[in-house]
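Structure data (mmCIF, C-alpha atoms) from protein-v9.cif:
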data_model
#
loop_
_atom_site.label_atom_id
_atom_site.label_comp_id
_atom_site.auth_asym_id
_atom_site.auth_seq_id
_atom_site.Cartn_x
_atom_site.Cartn_y
_atom_site.Cartn_z
CA MET Q 1 128.21 -52.01 -137.85
CA THR Q 2 128.68 -54.20 -140.96
CA ALA Q 3 128.66 -52.36 -144.29
CA ILE Q 4 126.32 -53.58 -147.11
CA THR Q 5 128.27 -54.47 -150.20
CA PRO Q 6 127.11 -53.50 -153.69
CA THR Q 7 126.50 -57.16 -154.48
CA GLN Q 8 124.17 -57.54 -151.49
CA ARG Q 9 122.46 -54.32 -152.44
CA GLN Q 10 121.68 -55.75 -155.93
CA ALA Q 11 120.62 -59.15 -154.61
CA ALA Q 12 117.91 -57.79 -152.29
CA PRO Q 13 115.52 -56.56 -155.05
CA ARG Q 14 116.04 -59.78 -156.97
CA ALA Q 15 115.11 -61.83 -153.90
CA ALA Q 16 112.01 -59.69 -153.32
CA ALA Q 17 110.99 -60.07 -156.97
CA ALA Q 18 111.53 -63.81 -156.79
CA GLY Q 19 109.40 -64.00 -153.65
CA ALA Q 20 106.63 -61.99 -155.28
CA ALA Q 21 106.76 -64.24 -158.34
CA ARG Q 22 106.50 -67.35 -156.15
CA GLY Q 23 103.54 -65.75 -154.37
CA ARG Q 24 101.79 -65.04 -157.67
CA ARG Q 25 102.45 -68.58 -158.85
CA GLY Q 26 101.07 -69.92 -155.57
CA ARG Q 27 97.91 -67.82 -155.91
CA ARG Q 28 97.47 -68.89 -159.53
CA ARG Q 29 97.94 -72.50 -158.51
CA GLY Q 30 95.39 -72.07 -155.72
CA ARG Q 31 92.86 -70.50 -158.10
CA LEU Q 32 93.50 -73.28 -160.62
CA ILE Q 33 92.94 -75.97 -158.00
CA ALA Q 34 89.78 -74.21 -156.80
CA LEU Q 35 88.55 -73.97 -160.39
CA LEU Q 36 89.20 -77.70 -160.92
CA PHE Q 37 87.10 -78.52 -157.86
CA VAL Q 38 84.31 -76.14 -158.94
CA LEU Q 39 84.43 -77.17 -162.61
CA PRO Q 40 82.08 -80.22 -162.30
CA ALA Q 41 79.49 -78.08 -160.55
CA LEU Q 42 79.86 -75.33 -163.17
CA LEU Q 43 79.44 -77.88 -165.97
CA LEU Q 44 76.30 -79.26 -164.37
CA LEU Q 45 74.98 -75.75 -163.74
CA GLY Q 46 75.63 -74.81 -167.35
CA ALA Q 47 74.09 -78.00 -168.74
CA LEU Q 48 71.03 -78.08 -166.48
CA VAL Q 49 70.30 -74.38 -165.94
CA VAL Q 50 72.15 -71.93 -168.18
CA TYR Q 51 71.79 -73.82 -171.48
CA PRO Q 52 68.05 -74.62 -171.01
CA VAL Q 53 67.35 -70.98 -170.09
CA LEU Q 54 69.20 -69.63 -173.13
CA PHE Q 55 67.63 -72.26 -175.39
CA SER Q 56 64.12 -71.43 -174.09
CA VAL Q 57 64.69 -67.70 -174.66
CA GLY Q 58 65.81 -68.38 -178.23
CA ARG Q 59 63.01 -70.91 -178.86
CA SER Q 60 60.38 -68.39 -177.74
CA PHE Q 61 61.07 -66.34 -180.90
CA PHE Q 62 60.18 -69.22 -183.27
CA ASP Q 63 56.89 -70.79 -184.32
CA ALA Q 64 55.46 -74.11 -183.14
CA SER Q 65 57.62 -76.13 -185.53
CA GLY Q 66 60.76 -74.22 -184.55
CA THR Q 67 61.69 -73.45 -188.16
CA ARG Q 68 60.25 -69.97 -188.72
CA PHE Q 69 61.33 -66.87 -186.81
CA VAL Q 70 58.25 -65.02 -185.52
CA GLY Q 71 59.83 -62.40 -183.27
CA GLY Q 72 57.58 -61.34 -180.42
CA ASP Q 73 54.42 -62.97 -181.81
CA ASN Q 74 54.48 -65.67 -179.12
CA TYR Q 75 54.59 -63.05 -176.39
CA THR Q 76 51.71 -61.18 -178.02
CA GLU Q 77 49.69 -64.37 -178.37
CA MET Q 78 50.44 -65.27 -174.77
CA PHE Q 79 48.61 -62.22 -173.44
CA ARG Q 80 45.71 -62.65 -175.87
CA ASP Q 81 45.02 -66.26 -174.87
CA PRO Q 82 42.18 -66.45 -172.26
CA ALA Q 83 43.68 -69.61 -170.73
CA THR Q 84 47.02 -67.86 -170.21
CA LEU Q 85 45.35 -64.83 -168.66
CA LYS Q 86 43.47 -67.14 -166.29
CA ALA Q 87 46.79 -68.83 -165.43
CA VAL Q 88 48.30 -65.43 -164.63
CA ARG Q 89 45.32 -64.57 -162.39
CA ASN Q 90 45.51 -67.91 -160.60
CA THR Q 91 49.26 -67.54 -160.12
CA ALA Q 92 48.69 -64.06 -158.64
CA LEU Q 93 46.09 -65.57 -156.28
CA TRP Q 94 48.60 -68.22 -155.21
CA VAL Q 95 51.32 -65.60 -154.62
CA VAL Q 96 49.03 -63.38 -152.55
CA VAL Q 97 47.25 -66.03 -150.48
CA ALA Q 98 49.47 -69.08 -149.96
CA PRO Q 99 52.72 -67.47 -148.66
CA ALA Q 100 50.80 -65.10 -146.37
CA LEU Q 101 48.70 -67.91 -144.89
CA LEU Q 102 51.71 -70.19 -144.50
CA THR Q 103 53.83 -67.53 -142.84
CA GLY Q 104 51.00 -66.60 -140.46
CA LEU Q 105 50.24 -70.24 -139.60
CA GLY Q 106 53.92 -71.01 -139.16
CA LEU Q 107 54.35 -68.06 -136.82
CA ILE Q 108 51.30 -68.94 -134.70
CA LEU Q 109 52.25 -72.61 -134.46
CA ALA Q 110 55.91 -71.84 -133.68
CA VAL Q 111 54.83 -69.62 -130.77
CA LEU Q 112 52.25 -72.11 -129.49
CA VAL Q 113 54.55 -75.13 -129.79
CA GLU Q 114 56.94 -73.52 -127.33
CA LYS Q 115 54.22 -73.68 -124.70
CA VAL Q 116 53.30 -77.37 -125.05
CA ARG Q 117 54.99 -80.24 -123.27
CA TRP Q 118 55.63 -82.50 -126.26
CA ALA Q 119 56.97 -79.77 -128.52
CA THR Q 120 59.38 -82.03 -130.45
CA ALA Q 121 56.70 -84.62 -131.21
CA PHE Q 122 54.29 -81.90 -132.29
CA LYS Q 123 56.90 -80.36 -134.62
CA LEU Q 124 57.65 -83.80 -136.07
CA LEU Q 125 53.96 -84.43 -136.68
CA LEU Q 126 53.51 -81.14 -138.53
CA PHE Q 127 56.73 -81.55 -140.49
CA MET Q 128 55.94 -85.09 -141.68
CA PRO Q 129 53.92 -83.98 -144.76
CA MET Q 130 57.16 -82.49 -146.13
CA ALA Q 131 58.35 -86.08 -146.59
CA VAL Q 132 55.40 -86.80 -148.91
CA SER Q 133 55.97 -86.11 -152.58
CA PHE Q 134 53.70 -83.61 -154.31
CA LEU Q 135 52.40 -86.40 -156.54
CA ALA Q 136 51.42 -88.57 -153.57
CA ALA Q 137 49.93 -85.58 -151.75
CA GLY Q 138 47.92 -84.72 -154.86
CA ILE Q 139 46.48 -88.24 -155.02
CA ILE Q 140 45.64 -88.13 -151.29
CA PHE Q 141 43.78 -84.83 -151.60
CA ARG Q 142 42.12 -85.84 -154.87
CA LEU Q 143 40.50 -88.66 -152.90
CA ALA Q 144 39.81 -86.46 -149.86
CA TYR Q 145 38.03 -83.88 -152.05
CA ASP Q 146 35.95 -86.47 -153.93
CA GLU Q 147 32.34 -85.33 -154.26
CA ASP Q 148 30.97 -88.77 -153.40
CA PRO Q 149 30.53 -88.87 -149.59
CA ASP Q 150 31.31 -92.60 -149.67
CA LYS Q 151 34.79 -91.80 -151.02
CA GLY Q 152 35.71 -88.24 -150.05
CA VAL Q 153 36.40 -87.85 -146.34
CA LEU Q 154 35.67 -84.10 -146.37
CA ASN Q 155 32.25 -84.51 -147.95
CA ALA Q 156 31.52 -87.44 -145.63
CA ALA Q 157 32.11 -85.10 -142.68
CA VAL Q 158 30.09 -82.27 -144.26
CA VAL Q 159 27.16 -84.57 -145.06
CA SER Q 160 27.20 -86.03 -141.54
CA VAL Q 161 27.03 -82.57 -139.99
CA HIS Q 162 24.29 -81.47 -142.43
CA ASP Q 163 22.17 -84.56 -141.81
CA ALA Q 164 22.52 -84.13 -138.04
CA PHE Q 165 20.73 -80.77 -138.22
CA GLN Q 166 18.43 -81.25 -141.21
CA ASP Q 167 16.34 -84.25 -142.20
CA THR Q 168 16.85 -85.81 -145.60
CA SER Q 169 14.08 -87.09 -147.84
CA ALA Q 170 13.18 -90.75 -147.44
CA TYR Q 171 12.28 -91.39 -151.09
CA PRO Q 172 14.52 -89.34 -153.42
CA THR Q 173 13.73 -91.47 -156.49
CA ALA Q 174 9.96 -91.82 -155.94
CA ARG Q 175 7.48 -90.38 -158.43
CA GLY Q 176 3.71 -90.37 -158.68
CA ARG Q 177 1.86 -92.83 -160.87
CA THR Q 178 1.35 -91.11 -164.23
CA GLY Q 179 -2.30 -90.30 -164.95
CA LEU Q 180 -3.35 -90.63 -161.32
CA LEU Q 181 -1.32 -87.88 -159.66
CA THR Q 182 -0.41 -84.46 -161.06
CA ARG Q 183 3.18 -83.29 -160.80
CA ASP Q 184 3.81 -79.58 -160.12
CA ARG Q 185 6.82 -77.58 -161.27
CA ASP Q 186 8.42 -77.64 -157.82
CA GLY Q 187 8.46 -81.46 -157.86
CA SER Q 188 5.46 -82.04 -155.59
CA TYR Q 189 2.47 -84.29 -156.46
CA ARG Q 190 -1.20 -83.58 -155.88
CA THR Q 191 -4.74 -84.82 -156.33
CA THR Q 192 -8.18 -83.48 -155.33
CA ALA Q 193 -10.53 -84.98 -152.71
CA SER Q 194 -13.31 -83.97 -150.33
CA PRO Q 195 -13.66 -84.92 -146.63
CA GLY Q 196 -15.13 -88.40 -146.27
CA ASP Q 197 -13.65 -89.59 -149.57
CA PRO Q 198 -10.90 -92.26 -149.45
CA VAL Q 199 -7.63 -90.92 -150.83
CA THR Q 200 -5.08 -93.19 -152.48
CA LEU Q 201 -1.74 -91.78 -153.58
CA PRO Q 202 0.11 -94.37 -155.68
CA MET Q 203 3.89 -93.98 -156.05
CA VAL Q 204 6.45 -95.78 -158.17
CA GLY Q 205 10.22 -95.67 -158.61
CA VAL Q 206 11.10 -96.39 -154.96
CA LEU Q 207 14.40 -98.24 -154.72
CA PRO Q 208 14.34 -101.43 -152.62
CA GLU Q 209 17.01 -100.05 -150.26
CA ASP Q 210 14.91 -96.90 -149.69
CA LEU Q 211 11.89 -98.86 -148.49
CA PRO Q 212 12.03 -98.91 -144.66
CA ALA Q 213 12.10 -102.26 -142.90
CA THR Q 214 9.13 -101.11 -140.81
CA ALA Q 215 6.89 -100.63 -143.88
CA ALA Q 216 3.61 -102.57 -143.57
CA PRO Q 217 1.06 -103.67 -146.20
CA ALA Q 218 -1.18 -100.83 -147.32
CA HIS Q 219 -4.41 -102.65 -148.21
CA ARG Q 220 -5.95 -102.44 -144.72
CA ALA Q 221 -5.39 -98.67 -144.54
CA ALA Q 222 -6.97 -98.29 -147.98
CA ALA Q 223 -10.05 -100.16 -146.83
CA GLU Q 224 -10.74 -97.71 -144.01
CA GLY Q 225 -13.37 -95.11 -144.79
CA GLY Q 226 -13.05 -91.42 -144.09
CA ALA Q 227 -15.13 -89.75 -141.35
CA PRO Q 228 -16.97 -86.44 -141.93
CA GLY Q 229 -14.69 -83.43 -141.65
CA GLU Q 230 -11.50 -85.32 -142.30
CA LEU Q 231 -9.46 -86.78 -145.13
CA ARG Q 232 -8.13 -90.28 -144.75
CA GLY Q 233 -5.97 -92.10 -147.19
CA VAL Q 234 -2.82 -94.02 -147.92
CA VAL Q 235 0.46 -93.38 -149.73
CA TYR Q 236 1.70 -96.68 -151.11
CA LEU Q 237 4.15 -98.26 -153.52
CA ASP Q 238 2.02 -99.18 -156.55
CA PHE Q 239 4.10 -102.24 -157.36
CA THR Q 240 3.40 -105.90 -156.66
CA PRO Q 241 6.55 -108.04 -156.19
CA GLY Q 242 6.68 -110.78 -158.81
CA GLY Q 243 4.31 -108.96 -161.15
CA GLY Q 244 0.56 -108.75 -161.36
CA GLY Q 245 -1.65 -106.33 -159.52
CA THR Q 246 -3.72 -103.45 -160.84
CA GLN Q 247 -2.29 -99.97 -161.38
CA GLY Q 248 -3.91 -97.37 -159.16
CA LYS Q 249 -5.45 -99.99 -156.87
CA VAL Q 250 -3.98 -101.08 -153.51
CA ASP Q 251 -3.27 -104.80 -153.93
CA PRO Q 252 -2.69 -107.14 -150.95
CA ASP Q 253 1.07 -107.44 -151.49
CA GLU Q 254 1.74 -103.73 -151.98
CA SER Q 255 3.53 -101.82 -149.24
CA GLY Q 256 2.72 -98.51 -147.63
CA LEU Q 257 5.31 -95.72 -147.61
CA PRO Q 258 5.89 -94.54 -144.04
CA GLY Q 259 7.31 -91.12 -143.23
CA MET Q 260 5.69 -89.31 -146.17
CA LYS Q 261 4.50 -85.75 -145.51
CA VAL Q 262 0.92 -85.08 -146.69
CA GLU Q 263 -0.79 -81.68 -146.78
CA ALA Q 264 -4.34 -80.49 -147.34
CA VAL Q 265 -4.30 -77.23 -149.29
CA ARG Q 266 -7.13 -74.77 -150.00
CA ASP Q 267 -6.77 -71.36 -151.68
CA GLY Q 268 -2.99 -71.77 -151.74
CA LYS Q 269 -2.71 -72.25 -147.96
CA THR Q 270 -1.89 -75.44 -146.08
CA VAL Q 271 -4.77 -76.05 -143.66
CA ALA Q 272 -3.73 -79.50 -142.36
CA ALA Q 273 -0.67 -81.72 -142.48
CA ALA Q 274 0.27 -85.23 -141.41
CA THR Q 275 2.99 -87.85 -141.74
CA THR Q 276 2.16 -91.34 -142.96
CA ALA Q 277 2.28 -94.31 -140.58
CA ALA Q 278 4.06 -97.63 -141.17
CA ASP Q 279 1.30 -98.81 -143.53
CA GLY Q 280 1.32 -95.47 -145.43
CA SER Q 281 -1.96 -94.27 -143.89
CA PHE Q 282 -2.60 -90.65 -142.96
CA ARG Q 283 -5.40 -88.64 -141.39
CA LEU Q 284 -6.14 -84.92 -141.91
CA PRO Q 285 -8.90 -83.89 -139.44
CA GLY Q 286 -10.70 -80.63 -138.79
CA LEU Q 287 -11.63 -79.84 -142.39
CA GLY Q 288 -14.70 -78.12 -143.70
CA SER Q 289 -16.80 -79.31 -146.57
CA GLY Q 290 -15.76 -78.95 -150.15
CA PRO Q 291 -12.81 -80.11 -152.22
CA TYR Q 292 -9.21 -79.88 -151.07
CA THR Q 293 -5.91 -80.36 -152.81
CA VAL Q 294 -4.11 -83.30 -151.21
CA LYS Q 295 -0.42 -82.65 -151.75
CA LEU Q 296 2.80 -84.59 -151.34
CA PRO Q 297 5.37 -81.77 -150.90
CA GLU Q 298 8.62 -81.73 -152.86
CA SER Q 299 10.58 -82.30 -149.64
CA ASN Q 300 9.51 -85.96 -149.83
CA PHE Q 301 11.50 -86.39 -153.03
CA ALA Q 302 14.46 -84.06 -152.59
CA PRO Q 303 17.74 -85.73 -153.51
CA PRO Q 304 20.05 -86.40 -150.54
CA TYR Q 305 22.61 -83.74 -149.68
CA GLN Q 306 25.87 -84.66 -151.40
CA GLY Q 307 28.18 -82.15 -149.76
CA VAL Q 308 30.38 -79.47 -151.32
CA SER Q 309 31.81 -79.55 -154.83
CA TRP Q 310 35.38 -78.98 -153.66
CA LEU Q 311 36.83 -79.57 -157.11
CA GLY Q 312 34.23 -77.54 -158.99
CA PRO Q 313 35.20 -74.42 -160.95
CA ALA Q 314 34.55 -72.08 -158.01
CA LEU Q 315 36.50 -73.90 -155.28
CA VAL Q 316 39.19 -75.89 -157.10
CA THR Q 317 41.98 -73.31 -156.62
CA PRO Q 318 41.27 -72.73 -152.88
CA ALA Q 319 41.09 -76.51 -152.44
CA ILE Q 320 44.51 -77.00 -154.02
CA ILE Q 321 45.94 -74.17 -151.92
CA GLY Q 322 44.60 -76.05 -148.87
CA ALA Q 323 46.59 -79.13 -149.90
CA TYR Q 324 49.68 -76.94 -150.35
CA LEU Q 325 49.21 -75.53 -146.84
CA TRP Q 326 49.07 -79.05 -145.42
CA ILE Q 327 52.45 -79.85 -146.96
CA TRP Q 328 54.36 -76.62 -146.23
CA THR Q 329 53.02 -75.47 -142.84
CA GLY Q 330 55.60 -77.61 -141.04
CA PHE Q 331 58.41 -76.07 -143.08
CA ALA Q 332 57.36 -72.53 -142.15
CA MET Q 333 56.85 -73.49 -138.51
CA VAL Q 334 60.32 -75.07 -138.17
CA LEU Q 335 62.14 -72.12 -139.77
CA ILE Q 336 60.26 -69.55 -137.70
CA GLY Q 337 60.71 -71.71 -134.62
CA ALA Q 338 64.47 -71.68 -135.20
CA GLY Q 339 64.39 -67.88 -135.34
CA LEU Q 340 62.20 -67.78 -132.26
CA SER Q 341 64.74 -69.78 -130.28
CA THR Q 342 67.36 -67.05 -130.86
CA LEU Q 343 65.26 -64.20 -129.47
CA PRO Q 344 66.71 -62.51 -126.34
CA ARG Q 345 64.76 -63.95 -123.42
CA ASP Q 346 65.64 -61.03 -121.19
CA ALA Q 347 63.58 -58.68 -123.40
CA LEU Q 348 60.56 -60.98 -123.14
CA GLU Q 349 60.91 -61.38 -119.39
CA ALA Q 350 61.37 -57.61 -118.94
CA ALA Q 351 58.13 -57.03 -120.84
CA ARG Q 352 56.28 -59.51 -118.62
CA ILE Q 353 57.68 -57.85 -115.49
CA ASP Q 354 56.46 -54.49 -116.81
CA GLY Q 355 52.94 -55.91 -117.00
CA ALA Q 356 52.62 -56.71 -120.71
CA ASN Q 357 50.26 -59.59 -121.56
CA GLU Q 358 51.14 -62.35 -124.02
CA TRP Q 359 49.32 -60.70 -126.93
CA GLN Q 360 51.20 -57.43 -126.41
CA ILE Q 361 54.51 -59.31 -126.18
CA PHE Q 362 53.70 -61.21 -129.36
CA ARG Q 363 52.65 -58.12 -131.31
CA ARG Q 364 55.20 -55.57 -130.08
CA ILE Q 365 58.30 -57.71 -129.38
CA THR Q 366 58.16 -61.18 -130.95
CA VAL Q 367 56.92 -60.20 -134.42
CA PRO Q 368 59.28 -57.19 -134.87
CA LEU Q 369 62.31 -59.23 -133.76
CA LEU Q 370 61.29 -62.07 -136.10
CA ALA Q 371 60.76 -59.75 -139.09
CA PRO Q 372 63.96 -60.86 -140.92
CA VAL Q 373 63.06 -64.54 -140.54
CA LEU Q 374 59.45 -63.95 -141.56
CA THR Q 375 60.63 -62.08 -144.65
CA VAL Q 376 62.94 -64.92 -145.70
CA VAL Q 377 60.18 -67.50 -145.20
CA PHE Q 378 57.65 -65.38 -147.11
CA VAL Q 379 59.94 -64.69 -150.08
CA THR Q 380 61.04 -68.35 -150.24
CA LEU Q 381 57.40 -69.44 -150.36
CA VAL Q 382 56.62 -66.83 -153.04
CA ILE Q 383 59.33 -68.34 -155.24
CA ASN Q 384 58.00 -71.81 -154.53
CA VAL Q 385 54.34 -71.12 -155.31
CA MET Q 386 55.23 -69.52 -158.62
CA LYS Q 387 56.58 -72.90 -159.72
CA VAL Q 388 53.78 -75.07 -158.32
CA PHE Q 389 52.81 -77.74 -160.84
CA ASP Q 390 52.30 -81.22 -159.37
CA LEU Q 391 49.41 -80.43 -157.06
CA VAL Q 392 47.47 -78.48 -159.67
CA TYR Q 393 47.96 -81.11 -162.35
CA VAL Q 394 47.05 -84.08 -160.11
CA ILE Q 395 44.21 -82.66 -158.00
CA ALA Q 396 42.25 -80.67 -160.59
CA PRO Q 397 39.96 -82.98 -162.66
CA GLY Q 398 40.09 -82.69 -166.43
CA PRO Q 399 36.90 -80.60 -166.85
CA VAL Q 400 38.17 -77.91 -164.44
CA GLN Q 401 41.87 -78.12 -165.29
CA GLU Q 402 41.64 -74.81 -167.11
CA ASP Q 403 39.93 -73.16 -164.11
CA ALA Q 404 42.80 -74.23 -161.82
CA THR Q 405 45.71 -73.75 -164.21
CA VAL Q 406 48.76 -71.72 -163.20
CA LEU Q 407 51.70 -70.59 -165.31
CA ALA Q 408 53.70 -73.80 -164.76
CA THR Q 409 50.83 -76.10 -165.77
CA GLN Q 410 49.85 -73.84 -168.66
CA MET Q 411 53.43 -73.93 -169.92
CA TRP Q 412 53.37 -77.75 -169.85
CA LEU Q 413 49.91 -78.00 -171.43
CA VAL Q 414 50.83 -75.62 -174.26
CA SER Q 415 54.16 -77.35 -174.93
CA PHE Q 416 53.49 -81.05 -174.35
CA GLY Q 417 49.95 -81.59 -173.07
CA GLY Q 418 48.17 -81.37 -176.40
CA GLY Q 419 49.08 -77.88 -177.59
CA ASN Q 420 52.40 -78.96 -179.15
CA ASN Q 421 53.46 -75.33 -179.45
CA GLN Q 422 56.85 -75.17 -177.82
CA GLY Q 423 57.40 -71.64 -179.07
CA LEU Q 424 54.48 -70.36 -177.01
CA GLY Q 425 55.43 -72.69 -174.16
CA SER Q 426 58.96 -71.26 -174.14
CA ALA Q 427 57.52 -67.74 -173.98
CA LEU Q 428 55.50 -68.80 -170.93
CA GLY Q 429 58.67 -70.24 -169.39
CA VAL Q 430 60.50 -66.94 -169.95
CA LEU Q 431 57.60 -65.06 -168.34
CA LEU Q 432 57.75 -67.36 -165.33
CA LEU Q 433 61.52 -66.83 -165.08
CA LEU Q 434 61.12 -63.05 -165.18
CA LEU Q 435 58.55 -63.23 -162.38
CA VAL Q 436 60.75 -65.41 -160.18
CA ILE Q 437 64.03 -63.48 -160.65
CA PRO Q 438 63.08 -60.38 -158.54
CA ALA Q 439 62.14 -62.56 -155.57
CA MET Q 440 65.37 -64.55 -155.92
CA VAL Q 441 67.50 -61.39 -156.11
CA PHE Q 442 65.76 -59.97 -153.05
CA ASN Q 443 66.38 -63.19 -151.11
CA VAL Q 444 70.08 -63.34 -152.08
CA ARG Q 445 70.68 -59.70 -151.17
CA ARG Q 446 68.96 -60.11 -147.84
CA PHE Q 447 71.04 -63.21 -147.11
CA ARG Q 448 74.25 -61.34 -147.88
CA ARG Q 449 73.25 -58.44 -145.65
CA SER Q 450 72.50 -60.84 -142.80
CA GLN Q 451 75.91 -62.49 -143.32
CA ARG Q 452 77.65 -59.11 -143.06
#
Give the structure from this file in structure tokens form.
Amino acid sequence: MTAITPTQRQAAPRAAAAGAARGRRGRRRGRLIALLFVLPALLLLGALVVYPVLFSVGRSFFDASGTRFVGGDNYTEMFRDPATLKAVRNTALWVVVAPALLTGLGLILAVLVEKVRWATAFKLLLFMPMAVSFLAAGIIFRLAYDEDPDKGVLNAAVVSVHDAFQDTSAYPTARGRTGLLTRDRDGSYRTTASPGDPVTLPMVGVLPEDLPATAAPAHRAAAEGGAPGELRGVVYLDFTPGGGGTQGKVDPDESGLPGMKVEAVRDGKTVAAATTAADGSFRLPGLGSGPYTVKLPESNFAPPYQGVSWLGPALVTPAIIGAYLWIWTGFAMVLIGAGLSTLPRDALEAARIDGANEWQIFRRITVPLLAPVLTVVFVTLVINVMKVFDLVYVIAPGPVQEDATVLATQMWLVSFGGGNNQGLGSALGVLLLLLVIPAMVFNVRRFRRSQR
């Protein structure tokens, strides 16, 4: 056995110390290299995120000009402003409705897509709106929601369905000749006549395109006399093309108005009714003696159904949420579908063997196993809807912009959209940041737990 000399005994600690020092230098060098690689990202993060956040927090304590310190006045003003309170309410509506609907739709579609033959094509079709920018999607839905049925596809469909089940008035712009017919409050026109008397009901204001091609001249119908016990007459357009003619008299070139509803009324009750023929003539038989009110009901002149005011004050926020669903449903479906593909198939098959139907499997096995994925999708969408701006700003028309405003749009409007109060706008930005942070922290913690 070789003896260890004193020199060797002294050299061993020095070698160990030297090795430790080299190890520390290596670790420091590694950290330095890592820091050099991360430094550009840290600089960008500081310039684009940290500095703007700190600047906005500081700016929120100054007035609109940025020269006078006002403390918490901007925050006090923020919660006194009716527009800001409406923005908070609308943002809360977005947070409650949009993520829940998207998560539910994504889950249902992800489950159903697994059962169709062309699953990949179906997923691609639903995911395609994600490739459309919010600005372009806003323009698309602004046109789709247009109140004019000739422009807005939704109102065109609604009007088509309505008109299929309910007749529209033939002469929405027509009105009775002043001095010859009496107009009631409900928009109907009337005159008084007795059976056997000829009845002429002159109308004006009928647009050329509203006059049916089947309309015939009215002068022959006006020449016919009434028989005892009935009212006969004509509803005609009291207008002679090219000028001339006599007001209140049926001239040879004046046209009858077919399709008009005519009623005979006595003591407030309709006792007879008819619809005018091609030449505007009508016949109301089976009447007793004495005067009757001959009435043209208001339904003859009702304006055509124009559909739903999608972008009116009552529906503008749900309409914009609908556009948001169109864009993000594919995103939720793909993420949930990815989670669905990792589910243990043996558990599903065992449930089917035990006699469980598809609804029971979905409710008791699929949804509980997908709970982590559903939570991530829901929280991610909550963060996203709190920042929604483009759709609200583009889709909502100017008169209802305040009815649809959310915190992001209100912050922009107060700061740059005419308010020019960047102190108050910064306070709104800080409020939005404080609302988003809890959801972000929850998402990060859940991600870390899933990684562990």
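Proximity to Q:Gly58 was assessed for Q:Leu284, Q:Ala427, Q:Leu432, Q:Leu105 counting all atoms listed in the file; the smallest distance is recorded for Q:Ala427.
Remark: for Q:Ser309, the closest of the candidate residues Q:Leu44, Q:Ala273, Q:Met386, Q:Leu154 is Q:Leu154 (distances computed over all atoms listed in the file).
Evaluated against the shown file, the PyMOL selection byres ((chain Q and resi 274) around 9) gives Met260, Lys261, Val262, Glu263, Ala264, Ala272, Ala273, Thr275, Thr276, Phe282, Arg283 and Leu284 of chain Q.
From atom CA of Q:Leu311 back to atom CA of Q:Pro399, the distance works out to 9.8 Å.
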Using all atoms listed in the file, what does the table of stretch 19-101 of chain Q residues within 10 Å of stretch 327-342 of chain Q look like, with each row giving the shortest atom pair and its distance in Å to one decimal, sorted by chain and ascending number, as CSV?
residue,atom,partner,partner_atom,distance
Q:Ala98,CA,Q:Trp328,CA,9.7
Q:Pro99,CA,Q:Ala332,CA,9.5
Q:Leu101,CA,Q:Thr329,CA,8.9
Notebook entry, point to check: Of the residues Q:Pro195, Q:Pro52, Q:Gly106, Q:Pro40, which is the one nearest to Q:Trp326, using only C-alpha atoms?
Noted result: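 Among the listed residues, the smallest separation from Q:Trp326 belongs to Q:Gly106.
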Item checked: Result set, the PyMOL selection byres ((chain Q and resi 179) around 12) on current file, as a list in words ->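 After applying the PyMOL selection byres ((chain Q and resi 179) around 12), what remains is Arg175, Gly176, Arg177, Thr178, Leu180, Leu181, Thr182, Arg183, Tyr189, Arg190, Thr191, Leu201, Pro202, Met203, Gln247 and Gly248 of chain Q.
Coordinates place atom CA of Q:Ala83 at a distance of 20.7 Å from atom CA of Q:Phe62.
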Next item on the list: Kindly indicate which residue among Q:Ser194, Q:Ser415, Q:Thr91, Q:Ser65 lies nearest to Q:Thr293, using only C-alpha atoms for the distances.
Entry: Q:Ser194
Check: If you count only C-alpha atoms, which residues fall within 7 Å of Q:Gly229, apart from same-chain ones fewer than 3 positions away, as a ChimeraX atom specification?
Finding: /Q:195-196,285-289
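One distance worth recording is that between atom CA of Q:Gly233 and atom CA of Q:Ala302, which is 22.6 Å.
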Notebook entry, point to check: Given the choices Q:Arg448, Q:Lys123, Q:Arg220, Q:Lys387, which gets closest to Q:Val95 if the distance is worked out from all atoms listed in the file?
Noted result: Q:Lys387
Notebook entry, point to check: Taking the file as shown, what set of residues would the PyMOL selection byres ((chain Q and resi 279) around 9) give back, as a list in words?
Noted result: Thr214, Ala215, Ala216, Pro217, Ala218, His219, Arg220, Ala221, Val234, Val235, Tyr236, Ser255, Gly256, Leu257, Pro258, Thr276, Ala277, Ala278, Gly280 and Ser281 of chain Q
Next item on the list: Fewer than 6 positions away in the same chain doesn't count, so skip those; otherwise give me all residues within 10 Å of Q:Thr366, counting all atoms listed in the file, as a list of chain:residue names.
Entry: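 Once the nearby chain positions are removed, what remains is Q:Leu107, Q:Val111, Q:Leu340, Q:Leu343, Q:Pro344, Q:Ala347, Q:Leu348, Q:Glu358, Q:Trp359, Q:Gln360.
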Next item on the list: Give the answer as one residue: which of Q:Leu211, Q:Leu237, Q:Ala356, Q:Val159 has the shortest atom-to-atom distance to Q:Pro304, using all atoms listed in the file?
Entry: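 Residue with the minimum atom-to-atom distance to Q:Pro304: Q:Val159.
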Where is the centre and how long are the edges: axis-aligned box on stretch 437-443 of chain Q, 5 Å on each side, Å to one decimal, as AutoDock Vina command-line options:
--center_x 64.8 --center_y -62.3 --center_z -155.9 --size_x 15.4 --size_y 14.6 --size_z 19.5
